[in-house]
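Text of data28.cif, listed as mmCIF, C-alpha atoms and all ligand atoms:
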data_coords
#
loop_
_atom_site.label_atom_id
_atom_site.label_comp_id
_atom_site.auth_asym_id
_atom_site.auth_seq_id
_atom_site.Cartn_x
_atom_site.Cartn_y
_atom_site.Cartn_z
CA MET V 1 44.60 -25.42 18.72
CA ASP V 2 47.04 -28.31 18.15
CA ALA V 3 47.44 -28.91 14.42
CA ASN V 4 46.90 -32.63 15.07
CA TYR V 5 43.68 -32.09 16.99
CA LYS V 6 40.89 -34.47 16.07
CA PRO V 7 37.32 -34.17 17.25
CA GLY V 8 36.49 -36.30 20.31
CA THR V 9 40.08 -36.46 21.58
CA ASP V 10 41.48 -34.18 24.23
CA ASP V 11 45.11 -34.30 23.20
CA ALA V 12 47.05 -35.04 20.04
CA SER V 13 47.67 -38.68 20.99
CA GLY V 14 44.08 -39.25 22.06
CA ALA V 15 45.53 -41.16 25.02
CA ALA V 16 43.19 -40.43 27.89
CA ALA V 17 40.44 -38.86 25.81
CA PRO V 18 36.85 -39.39 26.84
CA VAL V 19 35.16 -41.42 24.12
CA THR V 20 31.43 -41.55 23.56
CA ARG V 21 28.99 -42.79 20.95
CA LYS V 22 29.50 -39.44 19.22
CA THR V 23 33.19 -40.30 18.71
CA PHE V 24 32.05 -43.13 16.45
CA ASP V 25 30.52 -40.67 14.01
CA GLU V 26 33.66 -38.56 14.10
CA VAL V 27 36.40 -41.13 13.52
CA MET V 28 34.91 -44.41 12.28
CA VAL V 29 34.17 -45.39 8.70
CA PRO V 30 30.37 -45.26 8.72
CA THR V 31 29.67 -48.93 7.97
CA TYR V 32 27.50 -49.35 11.06
CA ALA V 33 24.87 -47.39 12.94
CA PRO V 34 25.50 -48.63 16.48
CA SER V 35 23.15 -48.08 19.37
CA THR V 36 23.59 -45.08 21.63
CA LEU V 37 24.46 -47.46 24.47
CA VAL V 38 28.19 -48.10 24.67
CA PRO V 39 28.92 -51.36 26.54
CA VAL V 40 31.90 -51.21 28.88
CA ARG V 41 31.68 -54.45 30.87
CA ALA V 42 29.74 -57.71 30.78
CA LEU V 43 29.45 -60.94 32.71
CA GLY V 44 27.27 -63.88 31.72
CA LEU V 45 24.19 -62.32 30.12
CA ASP V 46 24.50 -59.05 32.05
CA LEU V 47 26.03 -56.08 30.35
CA TRP V 48 26.75 -52.59 31.66
CA ALA V 49 26.85 -49.46 29.54
CA GLN V 50 28.99 -46.33 29.93
CA ASP V 51 26.22 -44.63 31.89
CA GLY V 52 26.13 -47.51 34.42
CA LYS V 53 22.80 -48.93 33.20
CA ARG V 54 22.54 -52.74 33.21
CA TYR V 55 21.10 -54.67 30.27
CA LEU V 56 20.07 -58.29 29.81
CA ASP V 57 21.83 -59.43 26.65
CA PHE V 58 19.74 -61.65 24.37
CA THR V 59 22.02 -61.02 21.38
CA ALA V 60 25.22 -62.78 22.50
CA GLY V 61 27.11 -60.39 20.21
CA ILE V 62 25.18 -61.91 17.26
CA ALA V 63 25.46 -65.58 18.25
CA VAL V 64 29.04 -65.28 19.47
CA THR V 65 29.25 -65.28 23.28
CA ALA V 66 27.49 -68.64 23.60
CA LEU V 67 29.03 -69.33 27.01
CA GLY V 68 28.21 -65.86 28.27
CA HIS V 69 30.44 -62.83 28.55
CA ALA V 70 33.75 -63.30 30.37
CA ASN V 71 33.09 -66.99 30.94
CA PRO V 72 35.63 -67.89 33.68
CA ALA V 73 36.84 -71.14 32.04
CA VAL V 74 37.35 -69.40 28.70
CA VAL V 75 39.06 -66.42 30.33
CA GLU V 76 41.40 -68.85 32.08
CA ALA V 77 42.18 -70.67 28.81
CA LEU V 78 43.05 -67.34 27.18
CA ARG V 79 45.08 -66.12 30.17
CA SER V 80 47.17 -69.25 30.52
CA GLN V 81 47.86 -69.40 26.77
CA ALA V 82 48.76 -65.69 26.81
CA ASP V 83 51.55 -66.55 29.26
CA GLN V 84 52.87 -69.29 26.96
CA LEU V 85 52.76 -68.39 23.27
CA TRP V 86 50.69 -65.88 21.29
CA HIS V 87 51.71 -66.24 17.71
CA VAL V 88 54.24 -68.00 15.50
CA GLY V 89 53.05 -67.69 11.88
CA ASN V 90 52.36 -70.53 9.50
CA GLY V 91 56.00 -71.49 9.12
CA TYR V 92 55.39 -73.36 12.39
CA THR V 93 52.48 -75.24 13.80
CA ASN V 94 51.56 -75.06 17.48
CA GLU V 95 50.16 -77.34 20.18
CA PRO V 96 46.82 -75.57 20.79
CA VAL V 97 45.85 -75.67 17.10
CA LEU V 98 46.77 -79.34 16.83
CA ARG V 99 44.67 -80.15 19.90
CA LEU V 100 41.79 -78.12 18.49
CA ALA V 101 42.02 -79.82 15.09
CA LEU V 102 42.01 -83.24 16.74
CA ALA V 103 39.03 -82.35 18.93
CA ILE V 104 36.92 -80.77 16.18
CA THR V 105 37.55 -83.56 13.67
CA GLN V 106 36.77 -86.17 16.33
CA ALA V 107 33.53 -84.36 17.15
CA THR V 108 32.31 -84.04 13.55
CA PHE V 109 32.22 -85.74 10.13
CA ALA V 110 35.38 -83.89 9.22
CA GLU V 111 38.88 -85.28 8.88
CA ARG V 112 40.66 -82.00 8.17
CA ALA V 113 40.38 -78.44 9.48
CA PHE V 114 41.53 -75.09 8.16
CA PHE V 115 41.51 -72.26 10.68
CA CYS V 116 40.94 -68.59 9.99
CA ASN V 117 39.57 -65.56 11.77
CA SER V 118 35.93 -65.08 10.82
CA GLY V 119 32.89 -66.61 9.20
CA ALA V 120 33.49 -64.80 5.93
CA GLU V 121 37.02 -66.17 5.76
CA ALA V 122 35.80 -69.69 6.50
CA ASN V 123 33.32 -69.38 3.63
CA GLU V 124 35.87 -67.77 1.34
CA ALA V 125 38.11 -70.79 1.98
CA ALA V 126 35.19 -73.17 1.37
CA PHE V 127 34.24 -71.57 -1.97
CA LYS V 128 37.84 -71.48 -3.13
CA LEU V 129 38.35 -75.10 -2.09
CA ALA V 130 35.21 -76.21 -3.94
CA ARG V 131 36.37 -74.46 -7.11
CA LYS V 132 39.89 -75.88 -6.82
CA TYR V 133 38.60 -79.40 -6.14
CA ALA V 134 36.21 -79.36 -9.10
CA HIS V 135 38.79 -77.76 -11.35
CA GLY V 136 41.26 -80.56 -10.62
CA LYS V 137 38.75 -83.41 -10.71
CA PHE V 138 36.37 -82.38 -13.52
CA GLY V 139 37.88 -79.39 -15.32
CA ALA V 140 37.43 -75.62 -15.37
CA HIS V 141 33.86 -75.79 -16.72
CA LYS V 142 32.58 -77.05 -13.35
CA SER V 143 32.74 -73.72 -11.55
CA ARG V 144 29.18 -72.65 -10.69
CA ILE V 145 28.32 -72.06 -7.04
CA VAL V 146 24.66 -72.29 -6.12
CA SER V 147 23.34 -70.56 -3.02
CA CYS V 148 20.00 -69.44 -1.68
CA VAL V 149 18.13 -66.19 -1.92
CA ASN V 150 18.26 -64.32 1.41
CA SER V 151 21.31 -66.25 2.54
CA PHE V 152 24.26 -64.54 4.21
CA HIS V 153 27.83 -65.79 4.02
CA GLY V 154 29.99 -62.79 4.91
CA ARG V 155 31.27 -59.51 3.50
CA THR V 156 34.26 -60.30 1.29
CA LEU V 157 33.51 -59.73 -2.38
CA PHE V 158 33.22 -63.48 -3.04
CA THR V 159 31.01 -64.14 -0.01
CA VAL V 160 28.65 -61.21 -0.60
CA THR V 161 28.27 -62.35 -4.18
CA VAL V 162 27.47 -65.90 -3.10
CA GLY V 163 25.15 -64.49 -0.41
CA GLY V 164 21.64 -63.99 -1.64
CA GLN V 165 21.07 -60.32 -0.85
CA ALA V 166 21.58 -57.87 -3.70
CA LYS V 167 21.84 -54.88 -1.34
CA TYR V 168 25.28 -56.12 -0.24
CA THR V 169 26.75 -56.31 -3.75
CA GLU V 170 25.32 -53.13 -5.26
CA GLY V 171 28.10 -50.76 -6.27
CA PHE V 172 30.85 -53.35 -5.88
CA GLU V 173 30.73 -54.66 -9.44
CA PRO V 174 32.36 -56.35 -11.30
CA LEU V 175 31.51 -59.37 -9.17
CA PRO V 176 32.91 -62.93 -9.17
CA GLN V 177 31.25 -65.00 -11.88
CA ASP V 178 29.31 -68.27 -12.13
CA ILE V 179 27.14 -67.86 -9.05
CA SER V 180 23.41 -68.69 -9.08
CA HIS V 181 20.72 -68.14 -6.48
CA ILE V 182 17.74 -70.36 -5.83
CA ALA V 183 14.79 -69.99 -3.49
CA PHE V 184 15.48 -71.46 -0.03
CA ASN V 185 13.56 -74.65 0.74
CA ASP V 186 12.40 -75.02 -2.89
CA ILE V 187 13.39 -78.53 -3.98
CA GLU V 188 12.08 -78.17 -7.53
CA GLU V 189 14.17 -75.09 -8.22
CA ALA V 190 17.23 -76.82 -6.76
CA ARG V 191 16.60 -79.76 -9.08
CA ALA V 192 16.37 -77.42 -12.07
CA VAL V 193 19.57 -75.49 -11.31
CA ILE V 194 22.02 -78.04 -9.86
CA GLY V 195 23.50 -79.39 -13.07
CA ALA V 196 26.81 -80.59 -14.46
CA ASP V 197 28.52 -77.17 -14.22
CA VAL V 198 27.92 -76.81 -10.47
CA CYS V 199 30.95 -77.25 -8.20
CA ALA V 200 29.22 -76.43 -4.91
CA VAL V 201 25.89 -75.80 -3.27
CA VAL V 202 26.04 -73.73 -0.10
CA VAL V 203 23.24 -73.43 2.41
CA GLU V 204 22.68 -72.28 5.97
CA PRO V 205 20.76 -75.10 7.70
CA VAL V 206 18.99 -72.32 9.58
CA GLN V 207 19.08 -69.00 7.74
CA GLY V 208 20.08 -66.34 10.24
CA GLU V 209 20.36 -62.86 8.77
CA GLY V 210 17.73 -63.81 6.19
CA GLY V 211 15.00 -64.01 8.84
CA VAL V 212 15.68 -67.03 11.14
CA VAL V 213 14.29 -69.67 8.79
CA PRO V 214 15.13 -73.35 9.28
CA ALA V 215 15.65 -75.53 6.22
CA THR V 216 13.20 -78.39 6.00
CA PRO V 217 14.79 -81.83 6.48
CA GLU V 218 13.50 -82.82 3.02
CA TYR V 219 15.24 -79.85 1.47
CA LEU V 220 18.67 -80.63 2.93
CA LYS V 221 18.25 -84.31 1.99
CA ALA V 222 17.34 -83.31 -1.56
CA LEU V 223 20.39 -81.03 -1.80
CA ARG V 224 22.58 -83.91 -0.62
CA GLU V 225 21.15 -86.19 -3.30
CA LEU V 226 21.43 -83.55 -6.03
CA CYS V 227 25.06 -82.86 -5.09
CA ASP V 228 25.88 -86.57 -5.11
CA ALA V 229 24.27 -86.98 -8.51
CA SER V 230 26.03 -83.98 -10.08
CA GLY V 231 29.44 -84.26 -8.40
CA ALA V 232 28.98 -80.93 -6.59
CA LEU V 233 30.15 -80.41 -3.01
CA LEU V 234 27.56 -79.64 -0.37
CA ILE V 235 28.67 -76.81 1.93
CA PHE V 236 26.83 -76.07 5.16
CA ASP V 237 27.42 -72.58 6.50
CA GLU V 238 27.01 -73.12 10.24
CA VAL V 239 28.68 -69.87 11.22
CA GLN V 240 25.53 -68.72 13.03
CA CYS V 241 23.55 -71.92 13.65
CA GLY V 242 26.52 -74.09 14.68
CA MET V 243 28.33 -74.67 17.98
CA GLY V 244 25.35 -75.83 19.99
CA ARG V 245 22.87 -73.12 19.04
CA THR V 246 20.27 -75.54 17.69
CA GLY V 247 20.79 -77.99 20.56
CA ASP V 248 23.15 -80.18 18.52
CA LEU V 249 26.86 -79.42 18.28
CA TYR V 250 26.22 -78.66 14.62
CA ALA V 251 22.80 -78.37 13.02
CA TYR V 252 23.66 -81.01 10.39
CA MET V 253 23.70 -83.60 13.17
CA GLY V 254 20.09 -82.90 14.04
CA TYR V 255 19.08 -83.05 10.38
CA GLY V 256 21.00 -86.26 9.73
CA VAL V 257 22.43 -84.80 6.51
CA THR V 258 26.22 -84.62 6.28
CA PRO V 259 27.90 -81.92 4.20
CA ASP V 260 31.24 -82.19 2.39
CA ILE V 261 32.43 -78.90 3.84
CA LEU V 262 31.22 -77.12 6.97
CA THR V 263 32.08 -73.59 8.02
CA THR V 264 32.01 -72.46 11.63
CA ALA V 265 33.02 -69.27 13.46
CA LYS V 266 31.19 -66.88 15.81
CA ALA V 267 30.56 -69.01 18.97
CA LEU V 268 33.68 -71.10 18.30
CA GLY V 269 35.72 -68.34 19.96
CA ASN V 270 33.06 -66.97 22.34
CA GLY V 271 34.23 -63.50 21.28
CA TYR V 272 37.83 -64.28 20.38
CA PRO V 273 37.97 -64.04 16.56
CA VAL V 274 38.31 -67.53 15.04
CA GLY V 275 36.74 -69.46 12.20
CA ALA V 276 37.19 -72.88 10.68
CA MET V 277 36.48 -74.75 7.50
CA LEU V 278 36.01 -78.48 8.05
CA THR V 279 36.13 -81.13 5.35
CA THR V 280 37.29 -84.60 4.38
CA THR V 281 40.84 -85.72 3.63
CA GLU V 282 40.04 -86.28 -0.04
CA ILE V 283 38.58 -82.82 -0.60
CA ALA V 284 41.22 -81.10 1.55
CA ALA V 285 43.91 -82.53 -0.70
CA ALA V 286 42.86 -80.04 -3.40
CA PHE V 287 44.48 -77.32 -1.28
CA SER V 288 48.17 -78.11 -1.67
CA VAL V 289 50.88 -76.13 0.12
CA GLY V 290 50.55 -72.46 -0.74
CA ALA V 291 47.07 -72.73 -2.27
CA HIS V 292 45.44 -70.77 0.53
CA GLY V 293 46.40 -69.22 3.85
CA THR V 294 46.14 -66.49 6.45
CA THR V 295 48.63 -65.02 8.90
CA TYR V 296 46.57 -65.46 12.05
CA GLY V 297 44.52 -68.59 11.29
CA GLY V 298 45.04 -71.19 13.99
CA ASN V 299 47.02 -68.82 16.16
CA PRO V 300 47.69 -70.32 19.63
CA LEU V 301 45.51 -67.81 21.49
CA ALA V 302 42.48 -68.39 19.27
CA ALA V 303 42.99 -72.13 19.24
CA ALA V 304 43.31 -72.40 23.04
CA VAL V 305 40.06 -70.47 23.46
CA ALA V 306 38.21 -72.45 20.78
CA LEU V 307 39.28 -75.78 22.25
CA LYS V 308 37.92 -74.79 25.66
CA VAL V 309 34.65 -73.58 24.10
CA LEU V 310 34.28 -76.82 22.13
CA GLN V 311 34.97 -78.94 25.21
CA ILE V 312 32.31 -77.12 27.21
CA ILE V 313 29.60 -77.09 24.52
CA ASN V 314 30.12 -80.60 23.20
CA THR V 315 28.70 -82.54 26.13
CA PRO V 316 25.29 -84.27 26.19
CA ALA V 317 24.25 -82.36 29.32
CA PHE V 318 25.10 -78.94 27.84
CA LEU V 319 23.30 -79.64 24.57
CA ALA V 320 20.28 -81.12 26.35
CA ARG V 321 20.00 -77.94 28.41
CA VAL V 322 20.05 -75.84 25.20
CA LYS V 323 17.04 -77.82 23.97
CA GLN V 324 15.27 -77.41 27.30
CA ALA V 325 15.96 -73.65 27.39
CA SER V 326 14.77 -73.40 23.80
CA GLN V 327 11.48 -75.08 24.63
CA ASN V 328 10.96 -72.74 27.57
CA LEU V 329 11.81 -69.55 25.62
CA ARG V 330 9.88 -70.61 22.56
CA GLY V 331 6.77 -71.36 24.61
CA LYS V 332 6.92 -67.97 26.27
CA LEU V 333 7.49 -66.16 22.94
CA GLN V 334 4.58 -68.09 21.47
CA ALA V 335 2.41 -66.76 24.30
CA ILE V 336 3.52 -63.22 23.38
CA VAL V 337 2.54 -63.87 19.75
CA GLU V 338 -0.88 -64.98 20.96
CA ASP V 339 -1.24 -61.94 23.24
CA TYR V 340 -0.11 -59.49 20.53
CA PRO V 341 -1.66 -61.01 17.39
CA GLN V 342 -1.76 -57.64 15.67
CA VAL V 343 2.05 -57.37 15.96
CA PHE V 344 3.32 -60.92 15.39
CA THR V 345 2.30 -63.90 13.28
CA GLU V 346 4.65 -66.62 14.53
CA VAL V 347 7.79 -67.70 16.33
CA ARG V 348 10.22 -69.62 14.17
CA GLY V 349 13.76 -70.91 14.30
CA SER V 350 15.61 -73.67 16.05
CA GLY V 351 17.12 -74.10 19.52
CA LEU V 352 18.15 -70.74 20.90
CA MET V 353 18.03 -69.09 17.48
CA LEU V 354 14.50 -67.70 17.42
CA GLY V 355 12.68 -65.09 15.38
CA MET V 356 9.35 -63.36 15.98
CA VAL V 357 7.77 -62.55 12.64
CA LEU V 358 5.91 -59.26 12.27
CA ALA V 359 2.33 -59.16 11.07
CA GLN V 360 1.23 -57.22 8.00
CA GLY V 361 0.38 -54.02 9.86
CA TYR V 362 3.81 -53.84 11.51
CA LEU V 363 6.07 -54.84 8.64
CA GLY V 364 9.35 -52.94 8.63
CA ARG V 365 9.18 -52.08 12.35
CA ALA V 366 11.45 -54.73 13.91
CA LYS V 367 14.12 -52.11 14.64
CA GLU V 368 11.65 -49.95 16.56
CA ILE V 369 10.71 -52.95 18.71
CA SER V 370 14.37 -53.75 19.40
CA LYS V 371 14.88 -50.11 20.42
CA ALA V 372 11.88 -50.29 22.72
CA ALA V 373 13.33 -53.46 24.27
CA GLU V 374 16.67 -51.76 24.76
CA HIS V 375 14.88 -48.91 26.49
CA GLN V 376 13.47 -51.47 28.95
CA GLY V 377 16.93 -52.98 29.51
CA LEU V 378 16.75 -55.93 27.11
CA MET V 379 19.07 -56.29 24.12
CA VAL V 380 17.58 -58.15 21.15
CA LEU V 381 18.43 -58.29 17.46
CA ILE V 382 16.54 -58.03 14.24
CA ALA V 383 16.85 -60.28 11.17
CA GLY V 384 15.84 -57.95 8.37
CA PRO V 385 13.13 -55.33 8.87
CA ASP V 386 10.34 -57.80 9.68
CA VAL V 387 11.76 -60.19 12.28
CA VAL V 388 12.77 -59.63 15.90
CA ARG V 389 15.60 -62.08 16.58
CA LEU V 390 16.66 -63.55 19.91
CA LEU V 391 20.04 -65.25 20.28
CA PRO V 392 20.74 -65.49 24.01
CA ALA V 393 23.91 -67.12 25.28
CA LEU V 394 23.39 -70.88 25.43
CA VAL V 395 23.95 -70.75 29.20
CA VAL V 396 20.79 -68.67 29.68
CA SER V 397 18.89 -69.62 32.85
CA ASP V 398 15.13 -70.06 33.15
CA ALA V 399 15.04 -67.00 35.41
CA GLN V 400 16.76 -64.94 32.71
CA ILE V 401 14.29 -66.23 30.12
CA GLU V 402 11.41 -65.15 32.34
CA GLN V 403 13.00 -61.75 32.91
CA ALA V 404 13.59 -61.23 29.17
CA VAL V 405 10.00 -62.12 28.36
CA GLN V 406 8.70 -59.65 30.96
CA LEU V 407 10.97 -56.91 29.55
CA LEU V 408 9.86 -57.71 26.00
CA ARG V 409 6.21 -57.50 27.02
CA ALA V 410 6.85 -54.12 28.68
CA ALA V 411 8.65 -52.98 25.52
CA LEU V 412 5.71 -54.02 23.34
CA ASP V 413 3.26 -52.19 25.59
CA ALA V 414 5.40 -49.04 25.37
CA PHE V 415 5.79 -49.46 21.60
CA LEU V 416 2.05 -49.82 21.15
CA SER V 417 1.02 -47.07 23.57
CA PRO V 418 -0.11 -43.88 21.80
CA ALA V 419 2.20 -41.80 24.04
CA GLN V 420 5.25 -43.29 22.27
C1 LIG B 1 25.56 -67.69 8.34
C2 LIG B 1 26.67 -66.71 8.37
N1 LIG B 1 27.73 -66.91 7.59
C3 LIG B 1 28.77 -66.05 7.60
C4 LIG B 1 28.76 -64.93 8.39
C5 LIG B 1 29.93 -63.99 8.36
O1 LIG B 1 30.68 -64.14 9.51
P1 LIG B 1 31.73 -63.01 9.93
O2 LIG B 1 30.95 -61.78 10.21
O3 LIG B 1 32.45 -63.58 11.12
O4 LIG B 1 32.65 -62.82 8.77
C6 LIG B 1 27.67 -64.68 9.22
C7 LIG B 1 27.63 -63.47 10.06
O5 LIG B 1 26.60 -63.02 10.50
C8 LIG B 1 26.59 -65.59 9.22
O6 LIG B 1 25.52 -65.39 9.97
#
What is this file in structure tokens?
Amino acid sequence: MDANYKPGTDDASGAAAPVTRKTFDEVMVPTYAPSTLVPVRALGLDLWAQDGKRYLDFTAGIAVTALGHANPAVVEALRSQADQLWHVGNGYTNEPVLRLALAITQATFAERAFFCNSGAEANEAAFKLARKYAHGKFGAHKSRIVSCVNSFHGRTLFTVTVGGQAKYTEGFEPLPQDISHIAFNDIEEARAVIGADVCAVVVEPVQGEGGVVPATPEYLKALRELCDASGALLIFDEVQCGMGRTGDLYAYMGYGVTPDILTTAKALGNGYPVGAMLTTTEIAAAFSVGAHGTTYGGNPLAAAVALKVLQIINTPAFLARVKQASQNLRGKLQAIVEDYPQVFTEVRGSGLMLGMVLAQGYLGRAKEISKAAEHQGLMVLIAGPDVVRLLPALVVSDAQIEQAVQLLRAALDAFLSPAQ
């Protein structure tokens, strides 16, 4: 045998080797436990696996492919930019990123944008900016970051520490300091904790990974007031709930509460990795030249794609259709909850970010239900062990909603049947 042989490859280079789900276990760092289905092609909400089976995708790659897989306008934006200019590095700016920055600041409260490659990086930039801003304006004592229990802000050491889920920080100590967690939607606790030493309060307007839980309007308004009173910056993490998912371009617009910093990623690139941190001119000034950066952030390819995505999503007709589709899907999921009261207690969420909450007797079994759905040809997500999460592309049709609901019902029947 070739001394360089590795399992799952059929020659030393691995060039034309057949790869399967098993290859994952042989050569990948085991940070994930992916499904046995290996997607090879997708269009719109249809996705085909290695074995040729077709699936209806109600995950959108975890709130990413908002315009559907291989959206022709987005593909064209990527293709034409690929013929022009891929990458120049931050010693130069480029036309696509300038156009994107103009468009995204015109569309939001923000006056300045910082581009990066992921949600975690957008949040990392936001937390660093908040610390730097407070340090310069008030002094080093104002360093505490307050976030919510069950929140999720990414996987860098800073963002997992700010995130409110201990399971993601265990074993990674020592952790960044001066970070406090408060119960989501609890105004009294926020009032007790947001004091003079707080530089930033970060919140997901709709908690995603934490179980698809919308903030109450009163809560976000209270956080705004508490931040104003204490000189802390209010950061909205809209990595999952932003870019049209709630039926507004950004969820803050629907709430009528404006943050000081907003982070966005996921659907911004429809699958091309890109993230952004948006803020005001005054706050942005705390990041002077060299204070922060990334090689790829605002690269022409990512920026050209993101601009096209923003232009498509940010129209009244597109956003109105998201709200209409949401109403349709939510109504049909509500009917499932009523028909399977032993399994589910409620549907919650916002727009096309919906969660079905498991009842007492089925706690911990969301993954089994998502597997049963996959078996029927429907891809859905979970949000923790007790919530089945649906995040279809925002271009989902009423016919696809009906089809998904039928497949989900079939999956529940199979899940509940004693033969299973
Ligand atoms: C609200 C929120 N913030 C941040 C992140 C991290 O984004 P990324 O995985 O692109 O780093 C996620 C990812 O699920 C998220 O849902």
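Summary of the local environment: counting all atoms listed in the file, residues at most 6 Å from region 67-79 of chain V, other than itself and those fewer than 5 positions away along its chain, are V:Ala42, V:Leu43, V:Gly44, V:Leu45, V:Val305, V:Ala393, V:Val395.
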### Task
Kindly compile the residues surrounding ligand LIG 1 (chain B) within 10 Å, counting all atoms listed in the file, and format them as a PyMOL selection string.
chain V and resi 62-64+116-124+151-156+159-160+163+203-210+236-242+263-267+273-275
### Message
With distances taken over only C-alpha atoms, which residue among V:Pro217, V:Lys142, V:Leu412, V:Glu95 lies nearest Met253 (chain V)?
### Response
V:Pro217
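The protein and nucleic acid residues lying at most 9 Å from Ala130 (chain V) are Ala125, His135, Ser143, Ile145, Cys199, Ala200, Ala232, Leu233, Ile235, Ile261, Ile283 and Ala286 of chain V, with all atoms listed in the file considered and sequence neighbours fewer than 5 positions away removed.
Between CA of Ala103 (chain V) and CA of Ser147 (chain V) lies a distance of 29.4 Å.
Note that CA of Val257 (chain V) and CA of Gln334 (chain V) are 28.7 Å apart.
Take the candidates V:Gly164, V:Phe158, V:Gly351, V:Phe115 and check each one against Asn90 (chain V) using only C-alpha atoms; the shortest distance goes to V:Phe115.
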### Query
Excluding same-chain residues fewer than 3 positions from Leu249 (chain V), what lies within 8 Å of it counting all atoms listed in the file, as a PyMOL selection string?
chain V and resi 242-246+253+313-314+319
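In this comparison, which uses all atoms listed in the file, the residue of V:Asp46, V:Asp248, V:Glu374, V:Glu188 approaching Leu408 (chain V) most closely is V:Glu374.
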### Task
Counting all atoms listed in the file, note down every residue that has an atom within 7 Å of the point (40.2, -67.5, 22.4) (file coordinates), as JSON, numbers by chain.
{"V": [78, 269, 272, 301, 302, 303, 304, 305, 306]}
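For Cys227 (chain V), the set of protein, DNA and RNA residues having any atom at most 9 Å away, when counting all atoms listed in the file and skipping those fewer than 2 positions along the same chain, is Ile194, Gly195, Val198, Cys199, Ala200, Val201, Ala222, Leu223, Arg224, Glu225, Ala229, Ser230, Gly231, Ala232, Leu233 and Leu234 of chain V.
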Convert the current residue selection to file output with C-alpha atoms, as a short mmCIF file (atom, residue, chain, number, x, y, z; two decimals), in the coordinates of the input.
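Just written: again05.cif:
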data_model
loop_
_atom_site.label_atom_id
_atom_site.label_comp_id
_atom_site.auth_asym_id
_atom_site.auth_seq_id
_atom_site.Cartn_x
_atom_site.Cartn_y
_atom_site.Cartn_z
CA ILE V 194 22.02 -78.04 -9.86
CA GLY V 195 23.50 -79.39 -13.07
CA VAL V 198 27.92 -76.81 -10.47
CA CYS V 199 30.95 -77.25 -8.20
CA ALA V 200 29.22 -76.43 -4.91
CA VAL V 201 25.89 -75.80 -3.27
CA ALA V 222 17.34 -83.31 -1.56
CA LEU V 223 20.39 -81.03 -1.80
CA ARG V 224 22.58 -83.91 -0.62
CA GLU V 225 21.15 -86.19 -3.30
CA ALA V 229 24.27 -86.98 -8.51
CA SER V 230 26.03 -83.98 -10.08
CA GLY V 231 29.44 -84.26 -8.40
CA ALA V 232 28.98 -80.93 -6.59
CA LEU V 233 30.15 -80.41 -3.01
CA LEU V 234 27.56 -79.64 -0.37
#
Each residue of region 27-88 of chain V with at least one atom at most 8 Å from region 16-23 of chain V should appear once, together with its nearest atom pair and the corresponding distance in Å (one decimal); atoms considered: all atoms listed in the file; ordering: chain, then increasing residue number; output as CSV.
residue,atom,partner,partner_atom,distance
V:Val27,CA,V:Thr23,CA,6.2
V:Met28,CA,V:Thr23,CA,7.8
V:Thr36,CA,V:Arg21,CA,5.9
V:Leu37,CA,V:Arg21,CA,7.4
V:Val38,CA,V:Arg21,CA,6.5
### Message
For Phe344 (chain V), find every residue with an atom within 8 Å (counting only C-alpha atoms), except residues of its own chain fewer than 5 positions away, and show them as a PyMOL selection string.
### Response
chain V and resi 337+356-359
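Distance check against Ala251 (chain V) using only C-alpha atoms: of V:Gly349, V:Gly361, V:Gly355, V:Gly271, the minimum falls on V:Gly349.
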### Query
So which residues fall inside 9 Å of (24.6, -68.3, -7.3) if we count all atoms listed in the file? Mind giving them as a list in words?
Arg144, Ile145, Val146, Ser147, Cys148, Val149, Thr161, Val162, Gly163, Gly164, Gln177, Asp178, Ile179, Ser180, His181, Ile182 and Val201 of chain V
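When CA of Gly331 (chain V) is paired with CA of Ala404 (chain V), their separation reads 13.0 Å.
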Working from the structure I just supplied, which lacks atoms in region 353-360 of chain V, can you model N, CA and C atoms there and output them as a compact mmCIF listing (two decimals), keeping the file's coordinate frame?
# COMPACT_ATOMS: atom_id res chain seq x y z
N MET V 353 17.93 -70.00 18.64
CA MET V 353 18.03 -69.09 17.48
C MET V 353 16.58 -68.87 17.04
N LEU V 354 15.94 -67.85 17.62
CA LEU V 354 14.50 -67.70 17.42
C LEU V 354 14.15 -66.33 16.85
N GLY V 355 13.14 -66.33 15.99
CA GLY V 355 12.68 -65.09 15.38
C GLY V 355 11.19 -64.92 15.59
N MET V 356 10.77 -63.68 15.86
CA MET V 356 9.35 -63.36 15.98
C MET V 356 8.99 -62.55 14.73
N VAL V 357 8.06 -63.10 13.96
CA VAL V 357 7.77 -62.55 12.64
C VAL V 357 6.65 -61.52 12.73
N LEU V 358 6.90 -60.34 12.18
CA LEU V 358 5.91 -59.26 12.27
C LEU V 358 4.71 -59.49 11.37
N ALA V 359 3.57 -59.06 11.85
CA ALA V 359 2.33 -59.16 11.07
C ALA V 359 2.26 -58.01 10.06
N GLN V 360 1.38 -58.16 9.11
CA GLN V 360 1.23 -57.22 8.00
C GLN V 360 1.28 -55.75 8.43
